[in-house]
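Colleague: I am sharing structure_0.csv, which consists of CSV, N, CA and C atoms:
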chain,number,residue,atom,x,y,z
A,1414,MET,N,41.0,144.5,152.5
A,1414,MET,CA,40.8,145.9,152.8
A,1414,MET,C,39.4,146.0,153.4
A,1415,LEU,N,39.2,146.7,154.5
A,1415,LEU,CA,38.0,146.9,155.2
A,1415,LEU,C,37.6,148.4,155.3
A,1416,LYS,N,36.3,148.7,155.2
A,1416,LYS,CA,35.9,150.1,155.3
A,1416,LYS,C,34.8,150.2,156.4
A,1417,CYS,N,34.9,151.2,157.2
A,1417,CYS,CA,33.9,151.4,158.2
A,1417,CYS,C,32.6,152.1,157.6
A,1418,ALA,N,31.5,151.5,157.9
A,1418,ALA,CA,30.2,152.1,157.4
A,1418,ALA,C,29.8,153.3,158.2
A,1419,ILE,N,30.4,153.4,159.4
A,1419,ILE,CA,30.0,154.6,160.3
A,1419,ILE,C,30.8,155.8,160.0
A,1420,CYS,N,32.2,155.7,160.0
A,1420,CYS,CA,33.0,156.8,159.8
A,1420,CYS,C,33.7,156.9,158.4
A,1421,GLY,N,33.7,155.8,157.7
A,1421,GLY,CA,34.3,155.8,156.3
A,1421,GLY,C,35.8,155.6,156.3
A,1422,ARG,N,36.4,155.4,157.4
A,1422,ARG,CA,37.8,155.1,157.4
A,1422,ARG,C,38.1,153.7,156.8
A,1423,GLU,N,39.3,153.5,156.2
A,1423,GLU,CA,39.6,152.3,155.7
A,1423,GLU,C,40.7,151.6,156.5
A,1424,PHE,N,40.7,150.3,156.7
A,1424,PHE,CA,41.6,149.6,157.5
A,1424,PHE,C,42.2,148.4,156.6
A,1425,ASP,N,43.4,148.1,156.9
A,1425,ASP,CA,44.0,146.9,156.2
A,1425,ASP,C,43.5,145.6,156.8
A,1426,GLY,N,43.2,145.6,158.1
A,1426,GLY,CA,42.7,144.4,158.7
A,1426,GLY,C,42.1,144.8,160.1
A,1427,VAL,N,41.5,143.8,160.8
A,1427,VAL,CA,41.0,144.1,162.1
A,1427,VAL,C,42.1,144.0,163.1
A,1428,PRO,N,42.3,145.0,163.9
A,1428,PRO,CA,43.4,144.9,165.0
A,1428,PRO,C,43.2,143.7,165.9
A,1429,ASP,N,44.3,143.1,166.4
A,1429,ASP,CA,44.2,142.0,167.2
A,1429,ASP,C,43.4,142.2,168.5
A,1430,ASP,N,43.5,143.5,169.0
A,1430,ASP,CA,42.9,143.8,170.3
A,1430,ASP,C,41.4,144.2,170.2
A,1431,ALA,N,40.9,144.2,168.9
A,1431,ALA,CA,39.5,144.6,168.7
A,1431,ALA,C,38.5,143.5,169.2
A,1432,VAL,N,37.4,144.0,169.8
A,1432,VAL,CA,36.4,143.0,170.3
A,1432,VAL,C,35.2,143.0,169.3
A,1433,ARG,N,34.9,141.8,168.8
A,1433,ARG,CA,33.8,141.7,167.9
A,1433,ARG,C,32.5,141.8,168.7
A,1434,LEU,N,31.6,142.7,168.3
A,1434,LEU,CA,30.3,142.9,169.0
A,1434,LEU,C,29.2,142.1,168.4
A,1435,THR,N,29.2,141.9,167.1
A,1435,THR,CA,28.2,141.1,166.4
A,1435,THR,C,28.7,139.7,166.1
A,1436,HIS,N,27.8,138.7,166.3
A,1436,HIS,CA,28.2,137.3,166.0
A,1436,HIS,C,27.2,136.7,165.1
A,1437,ASN,N,27.2,137.2,163.8
A,1437,ASN,CA,26.4,136.6,162.8
A,1437,ASN,C,27.1,136.6,161.5
A,1438,ALA,N,26.5,136.0,160.5
A,1438,ALA,CA,27.1,135.9,159.2
A,1438,ALA,C,26.8,137.1,158.3
A,1439,ALA,N,26.6,138.3,158.9
A,1439,ALA,CA,26.3,139.5,158.1
A,1439,ALA,C,27.5,139.9,157.3
A,1440,ARG,N,27.3,140.7,156.3
A,1440,ARG,CA,28.4,141.2,155.5
A,1440,ARG,C,29.2,142.3,156.2
A,1441,THR,N,28.5,142.9,157.2
A,1441,THR,CA,29.2,143.9,158.0
A,1441,THR,C,29.3,143.4,159.5
A,1442,ASN,N,30.4,143.6,160.1
A,1442,ASN,CA,30.7,143.2,161.5
A,1442,ASN,C,31.1,144.4,162.3
A,1443,VAL,N,30.5,144.5,163.5
A,1443,VAL,CA,30.8,145.6,164.3
A,1443,VAL,C,31.8,145.2,165.4
A,1444,TYR,N,32.8,146.1,165.5
A,1444,TYR,CA,34.0,145.9,166.4
A,1444,TYR,C,34.1,147.1,167.3
A,1445,ARG,N,34.6,146.8,168.6
A,1445,ARG,CA,35.0,147.9,169.5
A,1445,ARG,C,36.5,147.8,169.5
A,1446,PHE,N,37.2,148.9,169.1
A,1446,PHE,CA,38.6,149.0,169.2
A,1446,PHE,C,39.1,149.3,170.6
A,1447,SER,N,40.4,149.1,170.8
A,1447,SER,CA,41.0,149.3,172.1
A,1447,SER,C,40.9,150.8,172.6
A,1448,ASP,N,40.7,151.7,171.6
A,1448,ASP,CA,40.6,153.1,172.0
A,1448,ASP,C,39.1,153.5,172.3
A,1449,GLY,N,38.2,152.5,172.3
A,1449,GLY,CA,36.8,152.7,172.6
A,1449,GLY,C,35.9,153.0,171.4
A,1450,ALA,N,36.6,153.2,170.2
A,1450,ALA,CA,35.8,153.5,169.0
A,1450,ALA,C,35.1,152.3,168.5
A,1451,ILE,N,33.9,152.5,168.0
A,1451,ILE,CA,33.0,151.5,167.4
A,1451,ILE,C,33.1,151.6,165.9
A,1452,HIS,N,33.4,150.5,165.2
A,1452,HIS,CA,33.5,150.5,163.7
A,1452,HIS,C,32.7,149.3,163.2
A,1453,SER,N,31.9,149.6,162.2
A,1453,SER,CA,31.2,148.6,161.4
A,1453,SER,C,31.9,148.3,160.2
A,1454,LEU,N,32.7,147.3,160.2
A,1454,LEU,CA,33.6,147.0,159.1
A,1454,LEU,C,33.1,146.1,158.0
A,1455,ARG,N,33.4,146.4,156.8
A,1455,ARG,CA,32.9,145.6,155.7
A,1455,ARG,C,34.0,145.5,154.7
A,1456,LYS,N,34.2,144.3,154.1
A,1456,LYS,CA,35.2,144.1,153.1
A,1456,LYS,C,34.9,144.9,151.8
A,1457,ILE,N,35.9,145.5,151.3
A,1457,ILE,CA,35.7,146.2,150.0
A,1457,ILE,C,36.7,145.7,149.0
A,1458,ARG,N,36.3,145.7,147.7
A,1458,ARG,CA,37.2,145.4,146.7
A,1458,ARG,C,37.6,146.6,145.9
A,1459,ARG,N,38.8,146.7,145.5
A,1459,ARG,CA,39.3,147.8,144.7
A,1459,ARG,C,39.3,147.3,143.2
A,1460,SER,N,38.6,148.1,142.4
A,1460,SER,CA,38.7,147.8,140.9
A,1460,SER,C,39.9,148.5,140.4
A,1461,LYS,N,40.4,148.1,139.2
A,1461,LYS,CA,41.6,148.8,138.6
A,1461,LYS,C,41.3,150.2,138.3
A,1462,SER,N,40.1,150.6,138.0
A,1462,SER,CA,39.8,152.0,137.6
A,1462,SER,C,39.9,152.9,138.9
A,1463,GLU,N,39.6,152.3,140.0
A,1463,GLU,CA,39.7,153.1,141.3
A,1463,GLU,C,41.1,153.3,141.8
A,1464,SER,N,41.9,152.3,141.5
A,1464,SER,CA,43.3,152.3,142.1
A,1464,SER,C,44.2,153.2,141.3
A,1465,VAL,N,43.9,153.5,140.0
A,1465,VAL,CA,44.7,154.4,139.2
A,1465,VAL,C,44.0,155.7,139.1
A,1466,LEU,N,44.5,156.7,139.7
A,1466,LEU,CA,43.9,158.0,139.7
A,1466,LEU,C,44.4,158.8,138.5
A,1467,PRO,N,43.5,159.6,137.8
A,1467,PRO,CA,44.0,160.4,136.7
A,1467,PRO,C,44.9,161.5,137.2
A,1468,PRO,N,45.8,161.9,136.4
A,1468,PRO,CA,46.7,163.1,136.8
A,1468,PRO,C,45.8,164.3,137.0
A,1469,LEU,N,46.1,165.0,138.1
A,1469,LEU,CA,45.4,166.2,138.4
A,1469,LEU,C,45.9,167.4,137.6
A,1470,GLU,N,45.0,168.3,137.3
A,1470,GLU,CA,45.5,169.6,136.6
A,1470,GLU,C,46.2,170.4,137.6
A,1471,SER,N,47.2,171.2,137.1
A,1471,SER,CA,47.9,172.0,138.1
A,1471,SER,C,46.9,173.2,138.5
A,1472,PRO,N,47.1,173.8,139.6
A,1472,PRO,CA,46.2,174.8,140.1
A,1472,PRO,C,46.2,176.0,139.1
A,1473,ARG,N,47.4,176.2,138.4
A,1473,ARG,CA,47.5,177.3,137.5
A,1473,ARG,C,46.6,177.1,136.3
A,1474,GLU,N,46.6,175.8,135.7
A,1474,GLU,CA,45.7,175.5,134.6
A,1474,GLU,C,44.3,175.6,135.0
A,1475,ALA,N,43.9,175.1,136.2
A,1475,ALA,CA,42.5,175.2,136.7
A,1475,ALA,C,42.1,176.6,136.8
A,1476,THR,N,42.9,177.5,137.3
A,1476,THR,CA,42.6,178.9,137.5
A,1476,THR,C,42.4,179.6,136.1
A,1477,GLU,N,43.3,179.3,135.2
A,1477,GLU,CA,43.2,179.9,133.8
A,1477,GLU,C,41.9,179.4,133.2
A,1478,LEU,N,41.5,178.1,133.3
A,1478,LEU,CA,40.3,177.6,132.8
A,1478,LEU,C,39.1,178.3,133.4
A,1479,LEU,N,39.1,178.4,134.7
A,1479,LEU,CA,38.0,179.1,135.4
A,1479,LEU,C,37.8,180.5,134.9
A,1480,GLN,N,38.9,181.2,134.8
A,1480,GLN,CA,38.9,182.6,134.3
A,1480,GLN,C,38.4,182.7,132.9
A,1481,SER,N,38.7,181.8,132.0
A,1481,SER,CA,38.2,181.9,130.6
A,1481,SER,C,36.7,181.6,130.6
A,1482,VAL,N,36.3,180.7,131.5
A,1482,VAL,CA,34.8,180.4,131.5
A,1482,VAL,C,34.1,181.6,132.0
A,1483,VAL,N,34.6,182.3,133.0
A,1483,VAL,CA,34.0,183.5,133.6
A,1483,VAL,C,33.9,184.6,132.5
A,1484,GLU,N,35.0,184.7,131.7
A,1484,GLU,CA,35.0,185.8,130.6
A,1484,GLU,C,33.9,185.4,129.6
A,1485,VAL,N,33.8,184.2,129.2
A,1485,VAL,CA,32.8,183.8,128.2
A,1485,VAL,C,31.4,184.0,128.7
A,1486,LEU,N,31.2,183.7,130.0
A,1486,LEU,CA,29.8,183.9,130.6
A,1486,LEU,C,29.5,185.4,130.7
A,1487,ALA,N,30.5,186.2,130.9
A,1487,ALA,CA,30.3,187.7,131.0
A,1487,ALA,C,29.9,188.3,129.7
A,1488,GLU,N,30.4,187.7,128.6
A,1488,GLU,CA,30.1,188.2,127.2
A,1488,GLU,C,28.7,187.8,126.7
A,1489,LEU,N,28.1,186.8,127.3
A,1489,LEU,CA,26.8,186.4,126.9
A,1489,LEU,C,25.8,187.4,127.2
A,1490,PRO,N,24.8,187.6,126.3
A,1490,PRO,CA,23.8,188.6,126.6
A,1490,PRO,C,22.9,188.2,127.7
A,1491,LYS,N,22.5,189.2,128.5
A,1491,LYS,CA,21.6,188.9,129.6
A,1491,LYS,C,20.2,188.7,129.1
A,1492,PRO,N,19.5,187.6,129.5
A,1492,PRO,CA,18.1,187.5,129.0
A,1492,PRO,C,17.2,188.5,129.6
A,1493,GLN,N,16.3,189.0,128.8
A,1493,GLN,CA,15.3,190.0,129.3
A,1493,GLN,C,14.1,189.2,129.8
A,1494,PRO,N,13.6,189.6,131.0
A,1494,PRO,CA,12.4,188.9,131.5
A,1494,PRO,C,11.2,189.2,130.6
A,1495,GLU,N,10.4,188.2,130.3
A,1495,GLU,CA,9.2,188.4,129.5
A,1495,GLU,C,8.1,189.1,130.4
A,1496,MET,N,7.5,190.1,129.8
A,1496,MET,CA,6.4,190.8,130.5
A,1496,MET,C,5.1,190.2,129.9
A,1497,LYS,N,4.3,189.5,130.7
A,1497,LYS,CA,3.1,189.0,130.3
A,1497,LYS,C,2.0,190.0,130.7
A,1498,SER,N,1.2,190.3,129.7
A,1498,SER,CA,0.1,191.2,130.0
A,1498,SER,C,-1.2,190.4,129.8
A,1499,GLU,N,-2.1,190.7,130.7
A,1499,GLU,CA,-3.4,190.0,130.6
A,1499,GLU,C,-4.3,190.8,129.6
A,1500,PRO,N,-5.0,190.1,128.7
A,1500,PRO,CA,-5.8,190.8,127.8
A,1500,PRO,C,-7.0,191.4,128.5
A,1501,GLU,N,-7.4,192.6,128.2
A,1501,GLU,CA,-8.5,193.2,128.8
A,1501,GLU,C,-9.8,192.8,128.1
A,1502,ILE,N,-10.7,192.3,128.9
A,1502,ILE,CA,-12.0,191.9,128.3
A,1502,ILE,C,-13.0,193.1,128.5
A,1503,GLU,N,-13.5,193.5,127.4
A,1503,GLU,CA,-14.4,194.6,127.5
A,1503,GLU,C,-15.8,194.1,127.6
A,1504,ILE,N,-16.5,194.4,128.7
A,1504,ILE,CA,-17.8,194.0,128.9
A,1504,ILE,C,-18.6,195.3,129.1
A,1505,GLU,N,-19.5,195.6,128.2
A,1505,GLU,CA,-20.2,196.8,128.2
A,1505,GLU,C,-21.5,196.7,129.1
A,1506,ASP,N,-22.0,195.6,129.2
A,1506,ASP,CA,-23.3,195.5,129.9
A,1506,ASP,C,-22.9,194.8,131.3
A,1507,GLU,N,-22.9,195.6,132.4
A,1507,GLU,CA,-22.6,195.0,133.7
A,1507,GLU,C,-23.7,194.1,134.2
A,1508,SER,N,-24.9,194.2,133.6
A,1508,SER,CA,-26.0,193.4,134.1
A,1508,SER,C,-25.8,191.9,133.8
A,1509,SER,N,-25.0,191.6,132.7
A,1509,SER,CA,-24.8,190.2,132.3
A,1509,SER,C,-23.6,189.6,133.2
A,1510,MET,N,-22.9,190.4,134.0
A,1510,MET,CA,-21.8,189.9,134.8
A,1510,MET,C,-22.4,189.3,136.1
A,1511,THR,N,-21.6,188.3,136.6
A,1511,THR,CA,-22.0,187.7,137.9
A,1511,THR,C,-21.5,188.7,139.0
A,1512,SER,N,-21.9,188.5,140.2
A,1512,SER,CA,-21.5,189.4,141.2
A,1512,SER,C,-20.0,189.3,141.5
A,1513,MET,N,-19.4,188.1,141.3
A,1513,MET,CA,-18.0,188.0,141.5
A,1513,MET,C,-17.2,188.7,140.4
A,1514,GLU,N,-17.7,188.6,139.2
A,1514,GLU,CA,-17.0,189.2,138.1
A,1514,GLU,C,-17.0,190.7,138.3
A,1515,LEU,N,-18.2,191.2,138.7
A,1515,LEU,CA,-18.3,192.7,139.0
A,1515,LEU,C,-17.4,193.1,140.1
A,1516,ALA,N,-17.3,192.3,141.2
A,1516,ALA,CA,-16.5,192.7,142.3
A,1516,ALA,C,-15.0,192.7,141.9
A,1517,PHE,N,-14.6,191.8,141.1
A,1517,PHE,CA,-13.2,191.7,140.7
A,1517,PHE,C,-12.9,192.9,139.7
A,1518,ARG,N,-13.8,193.2,138.9
A,1518,ARG,CA,-13.6,194.3,138.0
A,1518,ARG,C,-13.5,195.6,138.7
A,1519,ARG,N,-14.3,195.8,139.7
A,1519,ARG,CA,-14.3,197.1,140.5
A,1519,ARG,C,-13.0,197.1,141.3
A,1520,GLN,N,-12.5,196.0,141.8
A,1520,GLN,CA,-11.3,196.0,142.6
A,1520,GLN,C,-10.1,196.3,141.7
A,1521,ARG,N,-10.1,195.8,140.4
A,1521,ARG,CA,-9.0,196.1,139.5
A,1521,ARG,C,-8.9,197.6,139.1
A,1522,ASN,N,-10.1,198.2,139.0
A,1522,ASN,CA,-10.2,199.6,138.6
A,1522,ASN,C,-9.7,200.5,139.7
A,1523,ASN,N,-9.8,200.1,141.0
A,1523,ASN,CA,-9.4,200.9,142.1
A,1523,ASN,C,-8.0,201.0,142.3
Starting from the coordinates I provided, produce the structure as structure tokens.

Modeller:
Amino acid sequence: MLKCAICGREFDGVPDDAVRLTHNAARTNVYRFSDGAIHSLRKIRRSKSESVLPPLESPREATELLQSVVEVLAELPKPQPEMKSEPEIEIEDESSMTSMELAFRRQRNN
């Protein structure tokens, strides 16, 4: 079994009329097929776990499962965003403040 690294198609073998474009001992060999397509073919092995697919759920079962999940999510309480408030710093003597602190304080009050 061969798989193209370019398009992902799988082939049982290299067609007889394909022209090999690479001539090295690389794991991937590039061929030009008779239709002009270029394929970079690499041997792949199938493990037993890949060859046996699990049975698919019927669309009805999948739809029912999705609907039950949506219902459960709708019943969950909505989280309330936390409101963070900055603590107010009381400074009675403005003469001890730097000019930047004083400017920011005046800007906040406006």

Colleague: Please indicate the distance in Å from atom N of A:Arg1458 to atom CA of A:Leu1415, rounded to one decimal place.

Modeller: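 Value for the atom N of A:Arg1458-atom CA of A:Leu1415 distance: 7.8 Å.
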
Colleague: List every residue of stretch 1428-1498 of chain A that DSSP, applied to the backbone of this structure, assigns to helix (DSSP H, G or I), and report them as an MDAnalysis selection string.

Modeller: chainID A and resid 1461:1464 1472:1488

Colleague: Could you give me, as a list of chain:residue names, the residues within 12 Å of A:Ala1439, counting only C-alpha atoms and dropping anything in the same chain fewer than 2 positions from it?

Modeller: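 Everything that qualifies: A:Thr1435, A:His1436, A:Asn1437, A:Thr1441, A:Asn1442, A:Val1443, A:Ser1453, A:Leu1454, A:Arg1455, A:Lys1456.
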
Colleague: Where does DSSP see strand (DSSP E) in chain A, if you list the residues as a PyMOL selection string?

Modeller: chain A and resi 1415-1417+1423-1424+1432-1433+1441-1445+1451-1456

Colleague: Mind pulling up the distance from atom CA of A:Glu1474 to atom CA of A:Glu1488?

Modeller: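 Here the two named atoms are 21.4 Å from each other.
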
Colleague: Please, what distance in Å, to one decimal, runs between atom N of A:Ala1450 and atom C of A:Asp1430?

Modeller: 10.2 Å

Colleague: Need the shell around A:Gly1426: protein/DNA/RNA residues with any atom at most 8 Å away, counting all atoms listed in the file. Skip same-chain ones fewer than 3 positions apart. Format as an MDAnalysis selection string?

Modeller: chainID A and resid 1414:1415 1423 1429
